[in-house]
Structures are given as structure tokens and as C-alpha cells.
$ cat final30.cif   # mmCIF, C-alpha atoms
data_work
#
loop_
_atom_site.label_atom_id
_atom_site.label_comp_id
_atom_site.auth_asym_id
_atom_site.auth_seq_id
_atom_site.Cartn_x
_atom_site.Cartn_y
_atom_site.Cartn_z
CA MET A 1 153.37 163.59 147.12
CA LYS A 2 154.07 166.84 145.32
CA THR A 3 154.54 170.11 147.19
CA GLY A 4 151.70 171.67 145.21
CA ILE A 5 149.30 169.15 146.74
CA ILE A 6 150.71 169.27 150.30
CA LEU A 7 150.39 173.04 150.75
CA PRO A 8 146.64 173.25 150.06
CA ILE A 9 146.05 170.39 152.50
CA ILE A 10 148.03 172.18 155.23
CA ALA A 11 146.14 175.40 154.52
CA ALA A 12 142.81 173.60 154.78
CA CYS A 13 143.82 172.06 158.12
CA LEU A 14 144.85 175.44 159.48
CA ALA A 15 141.59 176.99 158.33
CA TYR A 16 139.63 174.22 160.03
CA CYS A 17 141.52 174.69 163.29
CA ALA A 18 140.94 178.43 163.15
CA CYS A 19 137.16 178.08 162.90
CA SER A 20 136.64 174.82 164.78
CA ASN A 21 134.49 174.83 167.91
CA THR A 22 136.83 172.40 169.65
CA PHE A 23 138.85 173.59 172.64
CA ALA A 24 141.59 172.36 174.91
CA ALA A 25 140.87 170.86 178.31
CA GLY A 26 142.46 173.77 180.15
CA ASP A 27 140.57 176.52 178.30
CA VAL A 28 138.66 179.05 180.37
CA PHE A 29 135.71 180.98 178.97
CA ALA A 30 134.56 184.40 180.12
CA PRO A 31 131.63 186.57 179.04
CA MET A 32 132.66 189.21 176.52
CA LYS A 33 132.90 192.80 177.70
CA VAL A 34 130.39 195.28 176.29
CA GLU A 35 132.99 197.41 174.52
CA GLU A 36 134.57 194.41 172.83
CA ALA A 37 131.18 193.12 171.67
CA LYS A 38 130.26 196.57 170.35
CA SER A 39 133.60 196.94 168.58
CA GLN A 40 133.20 193.63 166.78
CA VAL A 41 129.62 194.42 165.73
CA LEU A 42 130.58 197.83 164.34
CA ALA A 43 133.59 196.36 162.51
CA TRP A 44 131.32 193.75 160.94
CA ALA A 45 128.75 196.40 159.95
CA ALA A 46 131.43 198.58 158.38
CA SER A 47 132.45 195.66 156.18
CA GLN A 48 128.94 195.24 154.75
CA PRO A 49 128.45 196.64 151.24
CA ASN A 50 125.83 199.34 150.68
CA LEU A 51 125.19 200.00 154.36
CA ALA A 52 122.50 202.71 154.38
CA ALA A 53 122.70 205.78 156.60
CA GLU A 54 119.41 204.81 158.23
CA GLN A 55 120.82 201.41 159.18
CA GLN A 56 123.90 203.05 160.64
CA ARG A 57 121.71 205.32 162.82
CA GLU A 58 119.58 202.37 163.98
CA LEU A 59 122.70 200.42 164.88
CA ALA A 60 124.18 203.31 166.83
CA ALA A 61 120.90 203.77 168.72
CA PHE A 62 120.97 200.15 169.88
CA TRP A 63 124.32 200.58 171.55
CA VAL A 64 123.56 203.96 173.12
CA ALA A 65 120.47 202.47 174.78
CA GLY A 66 121.94 199.10 175.71
CA ALA A 67 125.64 199.74 176.22
CA LEU A 68 125.37 199.75 180.01
CA THR A 69 124.20 196.13 180.28
CA GLU A 70 126.72 193.71 181.74
CA GLU A 71 124.38 190.69 181.68
CA ALA A 72 125.75 188.34 179.05
CA ASP A 73 122.40 187.00 177.87
CA ARG A 74 121.04 190.53 177.33
CA LEU A 75 124.26 191.46 175.57
CA LEU A 76 123.72 188.49 173.24
CA GLU A 77 120.27 189.79 172.33
CA LEU A 78 121.72 193.24 171.68
CA VAL A 79 124.34 191.77 169.36
CA VAL A 80 121.72 189.75 167.46
CA ARG A 81 119.43 192.79 167.07
CA SER A 82 122.40 194.69 165.68
CA PHE A 83 122.98 191.98 163.08
CA ALA A 84 119.27 192.05 162.18
CA ALA A 85 119.35 195.81 161.60
CA VAL A 86 121.82 195.28 158.76
CA ASP A 87 121.35 191.72 157.45
CA ALA A 88 117.97 190.70 155.94
CA ASP A 89 118.53 186.98 156.60
CA VAL A 90 119.19 187.62 160.28
CA ALA A 91 116.14 189.89 160.50
CA LYS A 92 113.92 187.17 159.03
CA LEU A 93 115.23 184.56 161.47
CA LEU A 94 114.79 186.93 164.42
CA VAL A 95 111.15 187.60 163.49
CA ALA A 96 110.50 183.85 163.20
CA CYS A 97 112.09 183.15 166.61
CA ASN A 98 110.09 185.93 168.26
CA SER A 99 106.80 184.81 166.72
CA SER A 100 103.96 184.32 169.21
CA SER A 101 102.77 181.23 167.32
CA PRO A 102 105.83 179.21 166.21
CA GLY A 103 105.13 176.18 164.04
CA LEU A 104 106.16 172.56 164.44
CA LEU A 105 109.11 173.08 162.08
CA PRO A 106 112.13 175.15 163.13
CA PRO A 107 112.77 178.46 161.37
CA ASP A 108 115.20 178.30 158.46
CA GLY A 109 118.74 179.02 159.65
CA ALA A 110 120.56 177.35 156.76
CA PHE A 111 122.26 180.62 155.80
CA LEU A 112 124.47 180.25 158.89
CA LYS A 113 126.32 177.51 157.03
CA GLN A 114 127.01 179.65 153.97
CA ALA A 115 130.67 180.13 153.11
CA GLY A 116 132.02 183.59 153.76
CA ARG A 117 129.74 184.43 156.68
CA ASP A 118 131.47 186.39 159.44
CA PRO A 119 132.57 183.99 162.25
CA TYR A 120 131.45 186.41 164.97
CA LEU A 121 127.97 186.62 163.46
CA VAL A 122 127.75 182.84 162.91
CA ALA A 123 128.78 182.05 166.50
CA ASN A 124 126.48 184.46 168.30
CA LEU A 125 123.48 184.08 166.02
CA GLY A 126 124.01 180.32 166.18
CA LEU A 127 123.86 180.48 169.99
CA PHE A 128 120.72 182.63 169.88
CA TYR A 129 119.05 180.24 167.42
CA GLY A 130 120.14 177.15 169.36
CA ARG A 131 118.76 178.62 172.59
CA PHE A 132 115.43 179.21 170.84
CA LEU A 133 115.35 175.58 169.65
CA VAL A 134 115.99 174.31 173.19
CA GLU A 135 113.17 176.49 174.53
CA ARG A 136 110.91 174.96 171.86
CA ARG A 137 112.09 171.48 172.98
CA MET A 138 113.55 170.79 169.53
CA PHE A 139 116.56 169.17 171.16
CA ASP A 140 117.96 167.29 168.15
CA GLU A 141 118.07 170.41 165.99
CA ALA A 142 119.38 172.42 168.93
CA LEU A 143 122.30 170.04 169.45
CA ASP A 144 123.22 170.19 165.77
CA GLN A 145 123.20 173.97 165.95
CA LEU A 146 124.95 174.46 169.29
CA ASN A 147 127.65 171.88 168.58
CA ALA A 148 128.69 173.99 165.59
CA VAL A 149 129.11 177.18 167.67
CA ASP A 150 132.63 178.42 168.36
CA ALA A 151 132.73 178.86 172.14
CA HIS A 152 135.64 181.28 171.88
CA ARG A 153 133.62 183.81 169.86
CA VAL A 154 130.32 184.00 171.75
CA VAL A 155 129.53 186.86 174.11
CA ASP A 156 127.75 184.48 176.52
CA PRO A 157 129.62 181.16 176.92
CA ALA A 158 127.61 180.20 180.02
CA SER A 159 124.41 180.10 177.94
CA LEU A 160 126.13 178.02 175.28
CA PHE A 161 127.23 175.24 177.62
CA PHE A 162 124.04 175.33 179.70
CA PHE A 163 121.72 174.96 176.70
CA LYS A 164 123.96 172.31 175.16
CA ALA A 165 123.59 170.34 178.39
CA VAL A 166 119.80 170.78 178.42
CA ALA A 167 119.51 169.63 174.80
CA ALA A 168 121.76 166.61 175.39
CA GLN A 169 119.84 165.66 178.53
CA GLY A 170 116.59 165.97 176.58
CA THR A 171 117.76 163.36 174.07
CA LEU A 172 119.31 161.22 176.83
CA ASP A 173 122.83 161.76 175.52
CA VAL A 174 124.22 161.51 179.04
CA LYS A 175 127.90 161.70 178.09
CA ALA A 176 127.47 164.93 176.10
CA ALA A 177 125.32 166.46 178.83
CA LEU A 178 127.89 165.68 181.53
CA GLU A 179 130.72 167.13 179.41
CA SER A 180 128.83 170.39 178.88
CA LEU A 181 127.91 170.66 182.56
CA GLU A 182 131.48 169.99 183.68
CA THR A 183 132.70 172.76 181.36
CA LEU A 184 129.97 175.14 182.55
CA LEU A 185 130.72 174.62 186.23
CA LYS A 186 134.51 174.40 186.06
CA SER A 187 135.72 176.36 183.03
CA VAL A 188 133.33 179.30 182.61
CA GLU A 189 133.77 182.51 184.57
CA ARG A 190 130.92 184.53 186.11
CA VAL A 191 128.23 181.92 185.51
CA PRO A 192 124.78 183.26 186.48
CA VAL A 193 123.39 181.67 189.64
CA ARG A 194 120.37 180.31 187.77
CA TYR A 195 122.70 178.33 185.49
CA SER A 196 125.12 177.17 188.17
CA ALA A 197 122.37 176.04 190.56
CA THR A 198 120.36 174.25 187.88
CA GLY A 199 123.52 172.82 186.32
CA THR A 200 124.64 171.36 189.65
CA LEU A 201 121.28 169.66 190.12
CA MET A 202 121.38 168.32 186.56
CA LEU A 203 124.89 166.98 187.10
CA GLU A 204 123.94 165.06 190.24
CA ASP A 205 120.81 163.75 188.59
CA LEU A 206 122.64 162.45 185.51
CA LYS A 207 125.45 160.89 187.53
CA GLY A 208 122.88 158.89 189.47
CA LEU A 209 121.05 157.70 186.36
CA GLU A 210 121.38 153.95 185.86
CA GLU A 211 121.28 152.39 182.43
CA LYS A 212 118.30 150.15 181.67
CA SER A 213 116.48 151.25 184.80
CA LEU A 214 112.91 152.43 185.24
CA GLY A 215 114.33 155.93 185.68
CA GLU A 216 115.95 155.80 182.26
CA ILE A 217 112.83 154.31 180.71
CA ALA A 218 110.72 157.13 182.16
CA ARG A 219 113.06 159.64 180.48
CA LEU A 220 112.78 157.76 177.20
CA MET A 221 109.01 157.90 177.55
CA SER A 222 109.22 161.66 178.02
CA ASP A 223 111.46 161.96 174.95
CA SER A 224 109.02 159.91 172.87
CA GLU A 225 106.09 162.06 173.99
CA ARG A 226 108.05 165.23 173.22
CA ARG A 227 108.82 164.08 169.69
CA LEU A 228 105.20 163.14 169.06
CA ASP A 229 104.05 166.53 170.41
CA LEU A 230 106.30 168.12 167.78
CA GLY A 231 104.67 166.04 165.07
CA ARG A 232 107.66 163.73 164.70
CA ALA A 233 106.77 160.13 163.90
CA GLY A 234 109.78 158.95 161.92
CA GLU A 235 112.61 156.53 162.52
CA LYS A 236 114.00 158.33 165.58
CA VAL A 237 110.68 158.15 167.43
CA GLN A 238 110.23 154.51 166.49
CA GLY A 239 113.79 153.82 167.65
CA VAL A 240 113.10 155.41 171.04
CA GLN A 241 109.89 153.41 171.44
CA GLU A 242 111.62 150.15 170.52
CA ARG A 243 114.34 150.93 173.04
CA ILE A 244 111.66 151.42 175.72
CA ILE A 245 110.12 148.04 174.95
CA SER A 246 113.50 146.31 174.81
CA GLU A 247 114.66 147.71 178.16
CA LEU A 248 111.34 146.91 179.81
CA ASP A 249 111.67 143.35 178.49
CA GLU A 250 115.06 143.04 180.18
CA ILE A 251 113.85 144.49 183.48
CA ILE A 252 110.83 142.19 183.60
CA LYS A 253 112.96 139.15 182.75
CA LYS A 254 115.36 140.02 185.58
CA VAL A 255 112.48 140.34 188.03
CA GLU A 256 111.06 137.00 186.88
CA GLN A 257 114.48 135.33 187.29
CA GLN A 258 114.88 136.77 190.79
CA GLN A 259 111.46 135.49 191.76
CA GLY A 260 111.92 132.16 189.97
CA GLY A 261 112.92 130.38 193.19
CA GLY A 262 109.34 130.67 194.41
CA GLY A 263 108.06 131.93 197.73
CA GLY A 264 108.29 128.66 199.73
CA GLY A 265 111.87 128.78 200.92
CA GLY A 266 112.21 125.58 202.97
CA ASP A 267 114.87 125.20 205.70
CA GLY A 268 116.55 122.17 204.12
CA GLY A 269 114.33 119.63 205.82
CA GLY A 270 111.82 119.53 202.99
CA ASN A 271 108.20 120.51 202.89
CA SER A 272 105.27 118.16 203.22
CA ASN A 273 103.52 119.92 200.36
CA GLU A 274 106.41 119.54 197.87
CA SER A 275 105.93 117.12 195.01
CA SER A 276 107.82 116.15 191.91
CA ASN A 277 104.56 116.29 189.97
CA GLY A 278 102.64 119.43 189.20
CA ALA A 279 99.62 119.97 191.44
CA ASP A 280 96.11 119.74 190.10
CA ASP A 281 94.81 123.25 189.52
CA SER A 282 91.60 122.42 191.39
CA GLN A 283 93.28 121.42 194.66
CA VAL A 284 95.62 122.93 197.21
CA LYS A 285 98.86 120.95 197.20
CA GLY A 286 99.13 118.56 200.15
CA ALA A 287 95.51 119.07 201.21
CA GLU A 288 92.56 116.67 201.11
CA ALA A 289 89.86 119.21 200.34
CA PRO A 290 89.42 120.79 196.93
CA GLY A 291 90.96 124.21 196.53
CA ASP A 292 87.74 126.03 195.73
CA VAL A 293 87.42 129.57 197.02
CA ASP A 294 84.55 131.98 197.16
CA LYS A 295 84.29 134.06 194.01
CA LYS A 296 84.50 137.79 194.53
CA ASN A 297 82.37 140.12 192.51
CA PHE A 298 84.45 143.08 191.33
CA SER A 299 82.35 146.03 190.36
CA LYS A 300 83.32 148.75 187.94
CA ASP A 301 82.53 151.56 190.32
CA GLY A 302 86.10 151.90 191.57
CA ASN A 303 85.86 149.59 194.63
CA TRP A 304 88.71 147.14 195.11
CA GLY A 305 87.08 143.89 196.22
CA ASN A 306 85.56 144.44 199.65
CA LEU A 307 88.18 146.87 200.97
CA PRO A 308 86.72 149.62 203.16
CA THR A 309 86.96 153.13 201.75
CA LYS A 310 89.72 154.07 204.20
CA GLU A 311 91.84 151.04 203.19
CA GLN A 312 91.28 151.76 199.49
CA ALA A 313 92.64 155.29 199.96
CA LYS A 314 95.67 153.98 201.86
CA ALA A 315 96.48 151.40 199.15
CA LYS A 316 96.22 154.00 196.39
CA SER A 317 98.39 156.39 198.40
CA ASP A 318 101.06 153.70 198.84
CA LEU A 319 101.08 152.98 195.10
CA ASN A 320 101.41 156.66 194.19
CA ARG A 321 104.19 157.17 196.74
CA ASN A 322 106.26 154.13 195.78
CA PHE A 323 105.83 154.27 192.01
CA PRO A 324 105.86 157.64 190.21
CA SER A 325 103.10 158.13 187.65
CA HIS A 326 105.46 158.07 184.66
CA TYR A 327 106.51 154.53 185.60
CA GLY A 328 102.88 153.53 185.26
CA ARG A 329 102.71 155.07 181.80
CA ALA A 330 105.83 153.17 180.79
CA ILE A 331 104.39 149.86 181.99
CA ASP A 332 101.08 150.58 180.26
CA GLN A 333 102.85 151.21 176.98
CA TYR A 334 104.89 148.04 177.40
CA PHE A 335 101.84 145.81 177.76
CA ARG A 336 100.06 147.65 174.96
CA LYS A 337 103.00 146.95 172.65
CA GLN A 338 103.14 143.34 173.79
CA SER A 339 99.46 142.92 172.94
CA GLU A 340 100.03 144.44 169.51
CA ARG A 341 102.92 142.05 168.88
CA ALA A 342 100.83 139.06 169.94
CA ALA A 343 98.00 140.15 167.62
CA LYS A 344 100.41 140.49 164.68
CA ASN A 345 101.88 137.03 165.31
CA LYS A 346 98.50 135.28 165.28
CA PRO A 347 98.08 133.07 162.17
#
$ encode --input "final30.cif" --output "C-alpha cells"
Amino acid sequence: MKTGIILPIIAACLAYCACSNTFAAGDVFAPMKVEEAKSQVLAWAASQPNLAAEQQRELAAFWVAGALTEEADRLLELVVRSFAAVDADVAKLLVACNSSSPGLLPPDGAFLKQAGRDPYLVANLGLFYGRFLVERRMFDEALDQLNAVDAHRVVDPASLFFFKAVAAQGTLDVKAALESLETLLKSVERVPVRYSATGTLMLEDLKGLEEKSLGEIARLMSDSERRLDLGRAGEKVQGVQERIISELDEIIKKVEQQQGGGGGGGDGGGNSNESSNGADDSQVKGAEAPGDVDKKNFSKDGNWGNLPTKEQAKAKSDLNRNFPSHYGRAIDQYFRKQSERAAKNKP
């Protein structure tokens, strides 16, 4: 390979490493100090062509009023407002994010991927935009945005890793969520209590989550409902719904296999009612009399057979206590889907 080809490749690799959002396992992240954040904003502003005197005054006013804040999330907002005072694209995105009636589609932040954009602006505005997407429960778009953010350049690294974890948890990407939470709790300095407390609870919750369990299915149900609420009905939603049905199929098959031995359970000496032939449906096995029973009339007024009111309330209470309501929704959807499949398969 010629030297003229090798050198550009090396340069490209170095450039990628310089702007990549990857980091070493031993890296520690700390919130940026106010003076450093201000210095970088003013250096960026000075590099902008045709910066008007009015914009310069507005920018200076931001930092006089907000320079005393040491809270990283407020500092992030101050940095973003400073960008918006100078850059029209940033101002448009900020207005869209602060709208009182946001739409079902995310605001356009494509300009963040434009070549030549300042890395400091891209990182901090990307964090601000990603946080907005998480708050709007647009977790897929949020992950795409936050995964592209350079953690070494943001003024508020705790927010970056916390909202990455929330977005990953929302899409049931357990591995990514755990990685972000581990970084937040072990490698970020001065994490706000609200993030550390919530992050610890999230970590314990995700570590206890079992694959192909009713707990996981309930989360998938929630994800499916979230996507539909956002007007999403494409392949991803259909994939989540098919996964719900598939996992419910497996759980039900396991339960059926476990109960396949029947409820008799003899002690080895045999049972007088056992027979190698199937019993007639109209008779109780091993008995002389027919197996007829009194028919019960079930009304539609909410009564369960002839249970007294007190017993009805106790039974309902036991069901609600032992099986959370979202499990019921998952089972309902399973049988609804099964009915639809059966109807489609009819000749």
C-alpha cells in the first residue's frame, strides 16, 4: 500500500478517536465548572462570523445573571440559551423543545450532524435535545441522540448517563441501561441525589429482571402502549407485540408441562379410579352414578356464582394482590391475538 494512501487513513482514525464518544473503563467524569463553561461558550461565539453587537450584549447578560449557578443541569440550560442567542438553528430547536404543545414527531435536530459544527456545541445541545426526547418518552430517538454525545465535553455528565439509562430501560435494552447506570454511580463525580437514588433503584430492578417472565412481558406491554400513544404503528411496534405473544406462548407451555402430571398423585399403590381408557364425559370415573351436576345460573350483574358479597370482595382482593393489573392486560392481549390467529386460519 502506498504511503499516500496510508497517511489519510491514519488521519481519519485519529480524527475519529478525537471526536468519538467512547471512553476508557477507568475514566471519571465531573461536572464542568462555570468559568470553564463560560470560557468555551465565549470562544465559540467569537469564532462565529458576523456576530452582531446586540447578540454579544445578550450573551454577556446571560452569564452575568446566571454565572453563580453551580447546578450542572441549570448550567447546561444556560449554555444552550447562549448558543441560541447566536445560532438560528439552535434557537429554532430550543423553541420547539420548549413548546407547550409538542407534536408526535420530534423536532428537527439534523443540523447537529452537519460537518464543521463545534464539538462543544454538538455535545451539550445533543444532551439537551436527548433529555427532551426522554421526557417526551421518545426513547428510540433519544438513544440515537444520546449515544452520539461526547461525555468528555458535556457540562453535566450525570444527566447524560442518567437519561441514557432511562431511554435504554424504556426500550428494554437491559445491557445498555445497566452500563449507563454503572457509569453514573461509579464514575461520575457529584451526582445529584435525585439521580443517584433513582439510579440505584433502577439498577436493582433491572438486575432482578428475568428474561421471558411475566415481569418482562409487562414491560414489553408498556413499551408497545407507549409507541402506540406516540402514533407509531410500524415494524418496531409489531415486533414488540410479536415478542409479547411469543414469550407468553412459552410461559403458558411451561405451565401446561408442569401441570401435565395431573392432580391425582397416587402413592405407588395405584388408584381405584385409574383406567387405561378415557372416561366417559357423562360419568365420574370409578363411580356408578352419572356425573351430572346442578347447573349454575351466572348472571351478568357482577355476581360470581352464589358467593356472598363478602366472599366476592375477598376473592377480588386476592386476585388484585397476587397478580398486578398489567399482567391481566398482557394475558388479555395474548388471548385476543390467539383468537385473531384462529380466525385467520379458518378455511
$ atom_distance --input "final30.cif" --atom1 "CA of Ala72 (chain A)" --atom2 "CA of Leu184 (chain A)"
14.3 Å
$ closest_residue --input "final30.cif" --among "A:Val122, A:Leu206, A:Leu127, A:Ala53" --to "Ala158 (chain A)" --atoms "only C-alpha atoms"
A:Leu127
$ residues_around --input "final30.cif" --residues "Val188 (chain A)" --least-positions-apart "2" --cutoff "10 Å" --atoms "all atoms listed in the file" --output "MDAnalysis selection string"
chainID A and resid 27:31 156:158 161 182:186 190:191
$ closest_residue --input "final30.cif" --among "A:Phe62, A:Phe139, A:Phe83, A:Phe128" --to "Val166 (chain A)" --atoms "all atoms listed in the file"
A:Phe139
$ closest_residue --input "final30.cif" --among "A:Phe162, A:Trp44, A:Phe132, A:Phe111" --to "Ser99 (chain A)" --atoms "only C-alpha atoms"
A:Phe132
$ atom_distance --input "final30.cif" --atom1 "CA of Arg131 (chain A)" --atom2 "CA of Asp144 (chain A)"
11.7 Å
